[in-house]
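Structure file run39.cif (mmCIF, C-alpha atoms) follows.
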```
data_data
loop_
_atom_site.label_atom_id
_atom_site.label_comp_id
_atom_site.auth_asym_id
_atom_site.auth_seq_id
_atom_site.Cartn_x
_atom_site.Cartn_y
_atom_site.Cartn_z
CA GLY A 1 -30.41 -16.03 -9.32
CA GLN A 2 -28.19 -13.35 -10.78
CA GLY A 3 -24.47 -13.72 -10.37
CA VAL A 4 -21.12 -15.08 -11.44
CA GLU A 5 -19.98 -18.39 -9.98
CA GLN A 6 -16.57 -20.03 -9.85
CA PRO A 7 -15.09 -22.96 -7.91
CA ALA A 8 -13.13 -21.74 -4.91
CA LYS A 9 -9.94 -23.73 -5.41
CA LEU A 10 -8.07 -25.69 -8.04
CA MET A 11 -4.82 -27.58 -7.62
CA SER A 12 -2.54 -28.66 -10.42
CA VAL A 13 1.04 -29.67 -11.19
CA GLU A 14 3.81 -27.74 -12.90
CA GLY A 15 4.00 -28.47 -16.62
CA THR A 16 0.40 -29.61 -16.89
CA PHE A 17 -2.75 -27.54 -17.33
CA ALA A 18 -5.58 -26.05 -15.29
CA ARG A 19 -9.10 -25.19 -16.43
CA VAL A 20 -10.95 -22.57 -14.42
CA ASN A 21 -14.69 -22.68 -14.93
CA CYS A 22 -17.14 -19.80 -14.70
CA THR A 23 -20.92 -19.76 -14.95
CA TYR A 24 -22.95 -16.61 -15.02
CA SER A 25 -26.52 -15.48 -14.94
CA THR A 26 -27.19 -11.83 -15.65
CA SER A 27 -30.10 -9.86 -17.00
CA GLY A 28 -27.94 -8.77 -19.93
CA PHE A 29 -24.54 -9.63 -21.38
CA ASN A 30 -21.93 -7.34 -22.85
CA GLY A 31 -18.84 -9.52 -22.68
CA LEU A 32 -16.80 -11.57 -20.20
CA SER A 33 -13.30 -10.89 -18.91
CA TRP A 34 -10.69 -12.82 -16.98
CA TYR A 35 -8.33 -11.21 -14.48
CA GLN A 36 -5.45 -12.55 -12.43
CA GLN A 37 -5.08 -11.35 -8.85
CA ARG A 38 -2.15 -12.16 -6.61
CA GLU A 39 -2.62 -11.80 -2.88
CA GLY A 40 -2.55 -8.18 -1.80
CA GLN A 41 -2.21 -6.92 -5.34
CA ALA A 42 -4.35 -5.38 -8.04
CA PRO A 43 -6.28 -7.55 -10.50
CA VAL A 44 -4.53 -7.72 -13.87
CA PHE A 45 -6.45 -8.10 -17.13
CA LEU A 46 -5.89 -11.35 -19.04
CA SER A 47 -8.60 -11.72 -21.66
CA TYR A 48 -11.95 -10.47 -22.94
CA VAL A 49 -14.47 -12.48 -24.96
CA VAL A 50 -17.85 -11.53 -26.31
CA LEU A 51 -18.39 -14.12 -29.07
CA ASP A 52 -18.86 -17.86 -28.67
CA GLY A 53 -15.92 -20.17 -29.14
CA LEU A 54 -12.30 -20.55 -28.14
CA LYS A 55 -9.84 -17.66 -28.09
CA ASP A 56 -6.20 -18.70 -27.97
CA SER A 57 -3.74 -16.27 -26.38
CA GLY A 58 -0.69 -18.52 -26.09
CA HIS A 59 -0.08 -19.45 -22.47
CA PHE A 60 -3.82 -19.37 -21.86
CA SER A 61 -7.06 -19.73 -23.80
CA THR A 62 -10.58 -18.65 -23.06
CA PHE A 63 -13.83 -20.28 -24.13
CA LEU A 64 -17.32 -18.82 -24.12
CA SER A 65 -20.78 -20.30 -24.60
CA ARG A 66 -23.39 -17.57 -24.27
CA SER A 67 -26.34 -19.94 -24.60
CA ASN A 68 -25.08 -21.89 -21.58
CA GLY A 69 -23.84 -18.91 -19.60
CA TYR A 70 -20.44 -20.59 -19.35
CA SER A 71 -16.80 -19.73 -19.84
CA TYR A 72 -13.47 -21.24 -18.93
CA LEU A 73 -9.89 -20.07 -18.72
CA LEU A 74 -7.38 -22.72 -19.73
CA LEU A 75 -3.84 -22.31 -18.45
CA THR A 76 -1.31 -24.54 -20.23
CA GLU A 77 2.32 -25.41 -19.48
CA LEU A 78 1.73 -24.38 -15.89
CA GLN A 79 4.52 -22.71 -13.95
CA ILE A 80 4.77 -22.18 -10.21
CA LYS A 81 4.32 -18.43 -10.77
CA ASP A 82 0.86 -19.09 -12.26
CA SER A 83 -0.34 -19.70 -8.69
CA ALA A 84 -2.85 -16.91 -8.11
CA SER A 85 -6.54 -16.16 -7.97
CA TYR A 86 -8.32 -16.00 -11.32
CA LEU A 87 -11.40 -13.82 -11.52
CA CYS A 88 -14.18 -14.13 -14.03
CA ALA A 89 -16.12 -10.92 -14.66
CA VAL A 90 -19.21 -10.26 -16.71
CA ARG A 91 -20.26 -6.92 -18.09
CA ASP A 92 -23.86 -6.86 -16.96
CA GLY A 93 -26.08 -5.29 -19.56
CA GLY A 94 -28.80 -5.03 -16.93
CA TYR A 95 -27.12 -1.89 -15.63
CA GLN A 96 -28.29 1.17 -17.50
CA GLY A 97 -24.91 2.09 -18.92
CA GLY A 98 -23.94 -1.49 -19.67
CA ARG A 99 -20.45 -1.06 -18.24
CA ALA A 100 -20.72 -2.38 -14.70
CA LEU A 101 -18.27 -5.31 -14.46
CA ILE A 102 -19.54 -7.96 -12.06
CA PHE A 103 -16.88 -10.27 -10.63
CA GLY A 104 -17.15 -13.87 -9.57
CA THR A 105 -15.79 -15.14 -6.29
CA GLY A 106 -12.46 -16.07 -7.90
CA THR A 107 -10.68 -19.41 -8.18
CA THR A 108 -7.41 -19.87 -6.31
CA VAL A 109 -5.10 -21.94 -8.49
CA SER A 110 -2.21 -23.63 -6.69
CA VAL A 111 0.56 -25.07 -8.84
CA SER A 112 2.87 -27.56 -7.17
CA PRO A 113 6.26 -28.84 -8.40
CA GLY B 1 2.49 -0.09 -18.51
CA PRO B 2 -0.29 2.28 -17.47
CA LYS B 3 -0.72 2.54 -13.72
CA VAL B 4 -3.51 3.52 -11.38
CA LEU B 5 -2.28 4.91 -8.06
CA GLN B 6 -4.28 4.82 -4.85
CA ILE B 7 -3.56 6.91 -1.80
CA PRO B 8 -3.31 5.97 1.02
CA SER B 9 -2.57 2.25 0.98
CA HIS B 10 -4.04 1.85 4.45
CA GLN B 11 -6.41 4.07 6.43
CA ILE B 12 -7.58 3.51 10.00
CA ILE B 13 -10.46 5.60 11.32
CA ASP B 14 -13.09 5.58 14.03
CA MET B 15 -16.67 4.71 13.20
CA GLY B 16 -18.71 7.77 12.36
CA GLN B 17 -15.80 9.75 10.95
CA MET B 18 -15.49 10.80 7.34
CA VAL B 19 -12.90 9.26 5.04
CA THR B 20 -11.78 10.12 1.52
CA LEU B 21 -10.04 7.56 -0.63
CA ASN B 22 -7.97 8.96 -3.49
CA CYS B 23 -7.30 7.50 -6.90
CA ASP B 24 -5.01 8.80 -9.63
CA PRO B 25 -6.29 7.04 -12.78
CA VAL B 26 -4.43 6.43 -16.04
CA SER B 27 -3.97 9.85 -17.62
CA ASN B 28 -6.06 9.54 -20.81
CA HIS B 29 -8.77 7.32 -19.36
CA LEU B 30 -12.37 8.45 -19.31
CA TYR B 31 -14.22 5.89 -17.19
CA PHE B 32 -13.58 5.36 -13.49
CA TYR B 33 -14.72 2.67 -11.10
CA TRP B 34 -14.73 1.79 -7.41
CA TYR B 35 -14.89 -1.78 -6.13
CA LYS B 36 -15.08 -3.13 -2.58
CA GLN B 37 -13.44 -6.38 -1.52
CA ILE B 38 -13.79 -7.85 1.96
CA LEU B 39 -10.97 -10.25 2.85
CA GLY B 40 -11.51 -13.62 1.21
CA GLN B 41 -14.60 -12.50 -0.64
CA GLN B 42 -15.34 -11.36 -4.17
CA MET B 43 -14.77 -7.95 -5.70
CA GLU B 44 -18.05 -6.08 -5.54
CA PHE B 45 -18.98 -3.29 -7.92
CA LEU B 46 -19.83 0.00 -6.24
CA VAL B 47 -19.98 2.69 -8.88
CA ASN B 48 -18.67 3.94 -12.19
CA PHE B 49 -18.18 7.53 -13.29
CA TYR B 50 -17.91 9.28 -16.64
CA ASN B 51 -17.90 12.87 -17.80
CA GLY B 52 -18.33 14.21 -14.30
CA LYS B 53 -21.30 12.02 -13.43
CA VAL B 54 -22.19 8.72 -11.82
CA MET B 55 -23.17 6.32 -14.61
CA GLU B 56 -24.13 3.23 -12.68
CA LYS B 57 -24.17 2.24 -9.05
CA SER B 58 -24.97 -0.91 -7.09
CA LYS B 59 -27.01 -1.42 -3.95
CA LEU B 60 -23.75 -1.31 -1.98
CA PHE B 61 -23.30 2.33 -2.94
CA LYS B 62 -25.11 3.70 0.09
CA ASP B 63 -26.30 7.26 0.59
CA GLN B 64 -23.24 7.80 2.76
CA PHE B 65 -21.01 7.27 -0.29
CA SER B 66 -20.14 9.89 -2.86
CA VAL B 67 -17.68 10.16 -5.73
CA GLU B 68 -16.19 13.05 -7.64
CA ARG B 69 -13.27 14.07 -9.79
CA PRO B 70 -12.88 17.83 -9.39
CA ASP B 71 -10.97 19.53 -12.23
CA GLY B 72 -9.49 16.29 -13.57
CA SER B 73 -7.53 15.63 -10.40
CA TYR B 74 -7.96 12.63 -8.13
CA PHE B 75 -11.04 10.48 -8.49
CA THR B 76 -12.29 10.22 -4.91
CA LEU B 77 -14.62 8.04 -2.89
CA LYS B 78 -15.93 9.72 0.22
CA ILE B 79 -17.74 7.88 3.00
CA GLN B 80 -19.55 10.05 5.53
CA PRO B 81 -20.23 8.78 8.13
CA THR B 82 -18.33 5.49 8.14
CA ALA B 83 -19.73 2.27 9.63
CA LEU B 84 -18.00 -0.89 10.84
CA GLU B 85 -19.17 -2.80 7.76
CA ASP B 86 -17.30 -0.37 5.53
CA SER B 87 -14.05 -2.07 6.54
CA ALA B 88 -12.65 -3.58 3.33
CA VAL B 89 -10.12 -3.03 0.57
CA TYR B 90 -11.36 -0.49 -1.95
CA PHE B 91 -10.03 -0.82 -5.48
CA CYS B 92 -10.12 1.97 -8.01
CA ALA B 93 -10.01 1.21 -11.73
CA SER B 94 -10.05 3.17 -14.96
CA SER B 95 -10.58 2.39 -18.63
CA SER B 96 -10.15 4.27 -21.88
CA GLY B 97 -13.67 3.70 -23.17
CA THR B 98 -12.51 3.56 -26.77
CA GLY B 99 -11.75 0.20 -28.35
CA GLY B 100 -10.16 -1.12 -25.19
CA HIS B 101 -13.12 -0.18 -23.08
CA GLU B 102 -13.47 -3.73 -21.84
CA ARG B 103 -10.06 -3.61 -20.13
CA LEU B 104 -9.92 -2.14 -16.65
CA PHE B 105 -6.67 -1.05 -15.04
CA PHE B 106 -6.77 -1.45 -11.26
CA GLY B 107 -4.89 0.24 -8.48
CA HIS B 108 -3.38 -1.76 -5.59
CA GLY B 109 -6.25 -0.85 -3.33
CA THR B 110 -6.74 1.10 -0.12
CA LYS B 111 -7.34 -1.00 2.97
CA LEU B 112 -9.90 0.78 5.12
CA SER B 113 -10.20 -0.26 8.77
CA VAL B 114 -13.14 1.24 10.66
CA LEU B 115 -12.84 0.79 14.42
#
```
Could you render the structure from this file as structure tokens?
Amino acid sequence: GQGVEQPAKLMSVEGTFARVNCTYSTSGFNGLSWYQQREGQAPVFLSYVVLDGLKDSGHFSTFLSRSNGYSYLLLTELQIKDSASYLCAVRDGGYQGGRALIFGTGTTVSVSP
Amino acid sequence: GPKVLQIPSHQIIDMGQMVTLNCDPVSNHLYFYWYKQILGQQMEFLVNFYNGKVMEKSKLFKDQFSVERPDGSYFTLKIQPTALEDSAVYFCASSSGTGGHERLFFGHGTKLSVL
């Protein structure tokens, strides 16, 4: 069916890495974004990808494979403060204006010492 | 950085009443959005708005919902009448629509409790 799917939870250790997976199925595709959301706060933009491949932004990287409907957010050198929910969002070209951003369920990343 | 302000942060009303949620978007932004998030669940797209008109809306944007931005002031979401299932956190967002159109700036949300 149509939608954006993510695992609910991910646990990792400070200083290591975490990879947050996202799969999507939409009637159109105009790009994929990642947002960070802390409890009770607004989502904050992290990254946007529209072309296949890996995009390195320092502390995190994002990968996209349009043919597989798959993306991941890779967080490296994890810190305790990276504990948050990470939201994958796809700009669904099936909407007439092509701007509706459809969010996944979010992955709660917990970083332990 | 740019901020989106939402007023109020929490609203409690009785079922059947009308409620208006207010959003002060980033000053030079052109596109405006409302999302609904029930506790523990995903952010769900409701509607986006540009140049004084609704551009796109989802099935969640019921007939009881309406949006407007009169004279460039607050971007508002009105629900009339409210139902119990409207209880959620409503997030407003805005974007510039030029170059950075893919980046949405979100407010902190208005928690709506319908009793």
- Could you write out as a PyMOL selection string the residues of chain B within 8 Å of chain A, counting all atoms listed in the file? chain B and resi 41-45+47-48+55-56+91+102-109
Judged by all atoms listed in the file, the minimum distance to A:Phe17 among A:Val111, A:Val4, A:Leu75, A:Ala84 is found for A:Leu75
What's the 7 Å shell around B:Gln11, counting only C-alpha atoms, without same-chain residues fewer than 6 positions away, as a list in words?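 The residues satisfying every condition are Lys111, Leu112 and Ser113 of chain B.
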Check: Could you state the separation of atom CA of B:Thr76 and atom CA of B:Cys23 in Å, given to one decimal place?
Finding: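 Distance reported for this atom pair: 6.0 Å.
Atom CA of A:Asp92 is found 29.3 Å from atom CA of B:Ser9.
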Evaluate the PyMOL selection byres ((chain B and resi 53) around 12) against this structure - the residues, as a PyMOL selection string, please. (chain A and resi 97) or (chain B and resi 30-33+47-52+54-57+66-70+75)
When the PyMOL selection byres ((chain A and resi 72) around 12) is applied to the structure above, which residues does it catch, written out as an mmCIF file with C-alpha atoms, in the frame of the given file?
```cif
data_model
loop_
_atom_site.group_PDB
_atom_site.id
_atom_site.type_symbol
_atom_site.label_atom_id
_atom_site.label_comp_id
_atom_site.auth_asym_id
_atom_site.auth_seq_id
_atom_site.Cartn_x
_atom_site.Cartn_y
_atom_site.Cartn_z
ATOM 1 C CA GLU A 5 -19.980 -18.390 -9.980
ATOM 2 C CA GLN A 6 -16.570 -20.030 -9.850
ATOM 3 C CA PRO A 7 -15.090 -22.960 -7.910
ATOM 4 C CA ALA A 18 -5.580 -26.050 -15.290
ATOM 5 C CA ARG A 19 -9.100 -25.190 -16.430
ATOM 6 C CA VAL A 20 -10.950 -22.570 -14.420
ATOM 7 C CA ASN A 21 -14.690 -22.680 -14.930
ATOM 8 C CA CYS A 22 -17.140 -19.800 -14.700
ATOM 9 C CA THR A 23 -20.920 -19.760 -14.950
ATOM 10 C CA TYR A 24 -22.950 -16.610 -15.020
ATOM 11 C CA LEU A 32 -16.800 -11.570 -20.200
ATOM 12 C CA SER A 33 -13.300 -10.890 -18.910
ATOM 13 C CA TRP A 34 -10.690 -12.820 -16.980
ATOM 14 C CA SER A 47 -8.600 -11.720 -21.660
ATOM 15 C CA TYR A 48 -11.950 -10.470 -22.940
ATOM 16 C CA VAL A 49 -14.470 -12.480 -24.960
ATOM 17 C CA ASP A 52 -18.860 -17.860 -28.670
ATOM 18 C CA GLY A 53 -15.920 -20.170 -29.140
ATOM 19 C CA LEU A 54 -12.300 -20.550 -28.140
ATOM 20 C CA LYS A 55 -9.840 -17.660 -28.090
ATOM 21 C CA ASP A 56 -6.200 -18.700 -27.970
ATOM 22 C CA PHE A 60 -3.820 -19.370 -21.860
ATOM 23 C CA SER A 61 -7.060 -19.730 -23.800
ATOM 24 C CA THR A 62 -10.580 -18.650 -23.060
ATOM 25 C CA PHE A 63 -13.830 -20.280 -24.130
ATOM 26 C CA LEU A 64 -17.320 -18.820 -24.120
ATOM 27 C CA SER A 65 -20.780 -20.300 -24.600
ATOM 28 C CA ARG A 66 -23.390 -17.570 -24.270
ATOM 29 C CA ASN A 68 -25.080 -21.890 -21.580
ATOM 30 C CA GLY A 69 -23.840 -18.910 -19.600
ATOM 31 C CA TYR A 70 -20.440 -20.590 -19.350
ATOM 32 C CA SER A 71 -16.800 -19.730 -19.840
ATOM 33 C CA LEU A 73 -9.890 -20.070 -18.720
ATOM 34 C CA LEU A 74 -7.380 -22.720 -19.730
ATOM 35 C CA LEU A 75 -3.840 -22.310 -18.450
ATOM 36 C CA TYR A 86 -8.320 -16.000 -11.320
ATOM 37 C CA LEU A 87 -11.400 -13.820 -11.520
ATOM 38 C CA CYS A 88 -14.180 -14.130 -14.030
ATOM 39 C CA ALA A 89 -16.120 -10.920 -14.660
ATOM 40 C CA THR A 107 -10.680 -19.410 -8.180
#
```
_With only C-alpha atoms as the counted atoms, please give the residues lying no more than 7 Å from stretch 77-88 of chain B, apart from itself and same-chain residues fewer than 4 positions off, as a list in words._
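Answer for this query is Met15, Gly16, Gln17, Met18, Val19, Thr20, Leu21, Asn22, Lys36, Gln37, Ile38, Leu39, Gln64, Phe65, Ser66, Val67, Lys111, Leu112, Ser113, Val114 and Leu115 of chain B.
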Go ahead and compute the interatomic distance for atom CA of B:Ser96 and atom CA of B:Tyr35, in Å to one decimal.
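These atoms are spaced 17.5 Å apart.
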Quiz item: Hey, what comes out of the PyMOL selection byres ((chain A and resi 26) around 7) on this file? Could you write it as a ChimeraX atom specification?
Solution: /A:2-3,24-25,27-29,92
